[in-house]
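Coordinates from final.txt are shown below (compact mmCIF, C-alpha atoms).
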```txt
# COMPACT_ATOMS: atom_id res chain seq x y z
CA MET X 171 64.08 116.70 99.30
CA PRO X 172 60.78 114.73 99.27
CA LYS X 173 61.06 110.99 99.87
CA ARG X 174 58.69 108.14 99.17
CA LYS X 175 58.01 105.62 101.91
CA LEU X 176 58.32 101.93 101.01
CA LYS X 177 57.61 98.75 102.90
CA PRO X 178 60.59 97.17 104.74
CA ALA X 179 63.03 95.61 102.25
CA ALA X 180 66.68 94.62 101.81
CA MET X 181 67.61 97.95 100.21
CA LEU X 182 71.26 98.21 101.20
CA ASN X 183 72.99 98.94 97.88
CA PRO X 184 75.43 98.51 96.26
CA VAL X 185 76.86 95.25 97.58
CA PRO X 186 79.73 93.03 96.41
CA ALA X 187 78.90 90.40 93.80
CA VAL X 188 81.13 87.47 94.73
CA MET X 189 81.33 83.87 93.64
CA VAL X 190 81.60 81.44 96.54
CA SER X 191 83.22 78.09 95.76
CA CYS X 192 82.40 75.20 98.04
CA GLY X 193 82.33 71.41 98.29
CA GLN X 194 84.96 69.15 96.79
CA GLY X 195 85.40 66.40 94.24
CA ALA X 196 82.27 65.63 92.27
CA GLU X 197 80.22 67.84 94.64
CA LYS X 198 82.19 71.05 94.22
CA ASN X 199 80.04 74.01 93.26
CA ILE X 200 79.93 77.78 92.79
CA ILE X 201 77.20 80.06 94.10
CA THR X 202 76.93 83.80 93.48
CA VAL X 203 76.34 85.76 96.69
CA ALA X 204 75.65 89.45 97.20
CA TRP X 205 75.00 89.29 100.94
CA THR X 206 78.54 89.15 102.23
CA GLY X 207 80.92 91.31 104.21
CA ILE X 208 83.49 91.62 106.98
CA VAL X 209 82.47 91.19 110.63
CA ASN X 210 85.83 91.38 112.46
CA SER X 211 89.41 92.44 111.82
CA ASN X 212 91.47 90.43 114.32
CA PRO X 213 91.12 87.63 113.56
CA PRO X 214 89.82 88.59 110.10
CA MET X 215 86.30 87.22 109.74
CA ALA X 216 83.70 87.40 107.00
CA TYR X 217 80.17 86.17 106.45
CA ILE X 218 77.94 84.99 103.63
CA SER X 219 74.16 84.61 103.83
CA VAL X 220 72.77 81.71 101.79
CA ARG X 221 69.16 80.77 101.18
CA LYS X 222 68.33 77.46 102.88
CA SER X 223 67.04 75.91 99.66
CA ARG X 224 70.26 76.44 97.71
CA PHE X 225 72.39 73.44 96.79
CA SER X 226 75.51 75.15 98.18
CA HIS X 227 73.89 75.68 101.57
CA GLU X 228 74.15 72.00 102.44
CA LEU X 229 77.67 71.72 101.01
CA ILE X 230 78.90 74.56 103.20
CA ARG X 231 77.01 73.38 106.26
CA LYS X 232 78.45 69.89 105.88
CA SER X 233 82.07 70.86 105.15
CA GLY X 234 82.30 74.05 107.22
CA GLU X 235 84.45 75.66 104.51
CA PHE X 236 84.13 77.95 101.51
CA VAL X 237 86.14 80.41 99.41
CA ILE X 238 84.99 83.96 98.66
CA ASN X 239 86.17 84.86 95.14
CA LEU X 240 85.99 88.54 94.18
CA THR X 241 84.63 89.17 90.69
CA THR X 242 85.29 91.50 87.78
CA GLU X 243 83.43 92.90 84.79
CA THR X 244 85.11 90.26 82.65
CA LEU X 245 83.58 87.57 84.85
CA SER X 246 80.09 89.11 84.91
CA ARG X 247 78.49 86.47 82.68
CA ALA X 248 79.83 83.65 84.87
CA VAL X 249 78.73 85.58 87.97
CA ASP X 250 75.16 85.80 86.71
CA PHE X 251 75.10 82.18 85.51
CA CYS X 252 76.26 80.88 88.89
CA GLY X 253 73.51 82.91 90.54
CA VAL X 254 70.57 81.75 88.42
CA LYS X 255 71.52 78.11 87.82
CA SER X 256 71.55 75.39 90.47
CA GLY X 257 74.44 73.03 91.09
CA ARG X 258 71.86 70.27 91.39
CA ASP X 259 71.19 70.56 87.67
CA VAL X 260 74.44 71.68 86.02
CA ASP X 261 78.20 71.55 86.50
CA LYS X 262 78.89 75.27 86.82
CA TRP X 263 82.65 74.79 86.52
CA LYS X 264 82.20 73.09 83.17
CA GLU X 265 79.52 75.45 81.86
CA THR X 266 81.40 78.65 82.75
CA GLY X 267 84.89 77.38 81.92
CA LEU X 268 86.18 78.58 85.28
CA THR X 269 89.29 76.90 86.65
CA ALA X 270 89.18 75.11 90.00
CA LYS X 271 92.53 75.61 91.75
CA ARG X 272 93.54 73.79 94.90
CA ALA X 273 93.37 75.96 98.01
CA GLU X 274 95.95 75.85 100.80
CA LYS X 275 93.94 75.92 104.03
CA VAL X 276 90.57 74.49 103.01
CA ARG X 277 89.50 71.50 100.96
CA CYS X 278 87.20 73.30 98.53
CA PRO X 279 88.80 74.89 95.44
CA LEU X 280 89.29 78.55 94.67
CA ILE X 281 88.53 80.17 91.31
CA GLU X 282 91.75 80.83 89.41
CA GLU X 283 90.23 83.61 87.27
CA SER X 284 89.21 85.64 90.32
CA PRO X 285 91.67 88.44 91.22
CA VAL X 286 91.30 87.87 94.98
CA ASN X 287 90.37 84.70 96.86
CA LEU X 288 89.58 84.42 100.58
CA GLU X 289 89.80 80.94 102.09
CA CYS X 290 87.28 80.69 104.92
CA ARG X 291 86.41 78.23 107.68
CA VAL X 292 82.98 78.46 109.32
CA SER X 293 83.00 79.23 113.04
CA GLU X 294 79.31 79.97 113.57
CA ILE X 295 75.98 79.57 111.76
CA ARG X 296 73.20 82.05 112.49
CA GLU X 297 69.80 80.80 111.35
CA TYR X 298 67.14 83.18 110.01
CA PRO X 299 63.77 82.54 108.34
CA SER X 300 64.91 82.71 104.70
CA HIS X 301 68.72 82.59 104.90
CA ASP X 302 71.43 81.24 107.14
CA MET X 303 74.48 83.35 107.87
CA PHE X 304 77.79 81.49 107.78
CA ILE X 305 80.31 83.43 109.85
CA ALA X 306 83.86 82.33 109.09
CA GLU X 307 87.48 83.09 109.80
CA ILE X 308 89.59 84.11 106.80
CA LEU X 309 92.53 81.69 106.83
CA GLN X 310 94.38 82.68 103.66
CA VAL X 311 94.21 85.41 101.03
CA HIS X 312 95.38 85.05 97.42
CA VAL X 313 95.88 88.15 95.21
CA ASP X 314 96.90 88.24 91.54
CA GLU X 315 100.51 89.31 91.16
CA SER X 316 99.47 91.85 88.50
CA LEU X 317 97.60 93.91 91.10
CA PHE X 318 100.71 94.80 93.12
CA ASP X 319 102.40 98.10 92.30
CA GLU X 320 106.15 98.77 92.44
CA LYS X 321 105.90 99.50 96.18
CA GLY X 322 104.16 96.21 96.91
CA ARG X 323 100.77 97.79 97.57
CA ILE X 324 97.60 96.17 96.26
CA ALA X 325 95.97 98.27 93.52
CA LEU X 326 92.43 96.89 93.57
CA ASP X 327 91.31 99.84 91.44
CA GLU X 328 93.09 98.11 88.57
CA ALA X 329 91.06 94.90 88.96
CA GLY X 330 87.79 96.10 87.44
CA LEU X 331 85.76 94.79 90.37
CA LEU X 332 82.04 94.08 90.12
CA CYS X 333 79.18 95.06 92.42
CA TYR X 334 75.42 94.46 92.48
CA SER X 335 72.74 97.08 92.95
CA HIS X 336 68.98 96.51 92.86
CA GLY X 337 69.00 93.73 90.29
CA GLU X 338 71.87 94.97 88.11
CA TYR X 339 75.63 94.50 87.93
CA PHE X 340 77.97 97.49 87.84
CA GLY X 341 81.69 97.83 87.35
CA VAL X 342 83.62 99.78 89.98
CA LYS X 343 85.28 102.17 87.53
CA LYS X 344 85.13 105.73 88.80
CA LYS X 345 88.12 107.39 90.38
CA PRO X 346 87.97 107.58 94.19
CA VAL X 347 86.55 110.78 95.67
CA GLY X 348 88.86 110.42 98.65
CA ARG X 349 90.79 107.97 100.78
CA PHE X 350 90.45 107.01 104.41
CA GLY X 351 91.22 110.04 106.60
CA PHE X 352 91.14 112.59 103.75
CA SER X 353 88.74 114.86 105.67
CA VAL X 354 91.43 115.57 108.29
CA MET X 355 94.49 115.21 106.10
CA LYS X 356 97.29 117.76 106.38
CA ALA X 357 98.08 119.84 103.29
CA LYS X 358 101.60 118.38 103.06
CA THR X 359 100.26 114.82 103.08
CA ARG X 360 97.58 115.67 100.51
CA LYS X 361 100.22 117.14 98.22
CA ARG X 362 102.36 114.01 98.49
CA ILE X 363 99.42 111.72 97.73
CA ASN X 364 98.39 113.82 94.73
CA ARG X 365 101.93 113.56 93.40
CA GLU X 366 101.92 109.78 93.88
CA ASN X 367 98.54 109.48 92.13
CA TRP X 368 99.75 111.57 89.22
CA GLU X 369 102.84 109.38 88.86
CA LYS X 370 100.69 106.26 88.96
CA GLN X 371 98.39 107.61 86.24
CA ARG X 372 101.39 108.58 84.12
CA LYS X 373 102.80 105.05 84.32
CA THR X 374 99.39 103.57 83.51
CA ARG X 375 99.09 105.74 80.40
CA LYS X 376 102.61 104.78 79.38
CA ARG X 377 101.79 101.06 79.64
CA ARG X 378 98.70 101.52 77.49
CA ASP X 379 100.66 103.45 74.86
```

What does the file become when written as C-alpha cells?
Amino acid sequence: MPKRKLKPAAMLNPVPAVMVSCGQGAEKNIITVAWTGIVNSNPPMAYISVRKSRFSHELIRKSGEFVINLTTETLSRAVDFCGVKSGRDVDKWKETGLTAKRAEKVRCPLIEESPVNLECRVSEIREYPSHDMFIAEILQVHVDESLFDEKGRIALDEAGLLCYSHGEYFGVKKKPVGRFGFSVMKAKTRKRINRENWEKQRKTRKRRD
C-alpha cells in the first residue's frame, strides 16, 4: 500500500481525552489533556504533559498534585470547553456545571461526573521545549458503582468513554475485537468467555427493555 511521507509530528492517535483537575480553593481549575498515559505498574504511575504557558501548569508545579478524570460522550462539551478556555479568564467549574468533590489523598478536587478518577502526586517533572511532563504516582482510584458487574468486575465498556484523534472527539463504542491473550487462548476458555459475553449482552438488553 502506497504511503505519503510527512514531516515529523505528534501523530500518535487515538489518545485519551481526560480532564485534569488541579489547584484548590479559589485557584482550583480543570484542564483537558490528551497527552497522558501509564508509565509503571508497581507502583502505579501515570503522566500528563502540559504546555508551559497553561494556567494549570503552574498550579500543578506548585502543589505537586492533580487528578486524572476519565471522560465520556456525555461530558464531551465540558471536555472541549476546558481545553479551549483558560482558567485565568473563566471559572470552568461554574461555566461547565461540573461538581468538585473532595479527594482522599490529594488536596485538589476530583470531578464527580467523571466515571473514573485517579488521584496523583507528582514524583518527577521532565522539562521539554514546549511541554513539561509531570510523572506521578496514582494514590487512589475512584470508580462509579454503576460500572461494576455482578461479579465485581469493572465494565468500562459501559461507561461510554471518550478519546481524541487528530482534532476530533470520538466515543469508544464498538465491541472489542479481542481481549488480552486471545491469540493464544484455548478453545475451552474461548467458549466460556463467549458464553459469559452472551449472558452479559442478554442482561443488558433486558435492562433496556

Exercise for the section: Could you jot down the atom CA of Ile200 of chain X to atom CA of Gly253 of chain X separation for me, Å, one decimal place? Expected result: 8.5 Å

Exercise for the section: Find the residue from X:Asp314, X:Glu289, X:Glu197, X:Glu283 that sits nearest to Gly257 of chain X; use all atoms listed in the file when measuring. Expected result: X:Glu197

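If you measure from each of X:Pro285, X:Ser211, X:Arg272, X:Glu297 to Gly330 of chain X using all atoms listed in the file, the closest one turns out to be X:Pro285.
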
Practice task
Could you please determine the separation between atom CA of Tyr298 of chain X and atom CA of Trp205 of chain X in Å, to one decimal place?
Solution key: 13.5 Å

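From atom CA of Ser316 of chain X back to atom CA of Lys361 of chain X, the distance works out to 27.1 Å.
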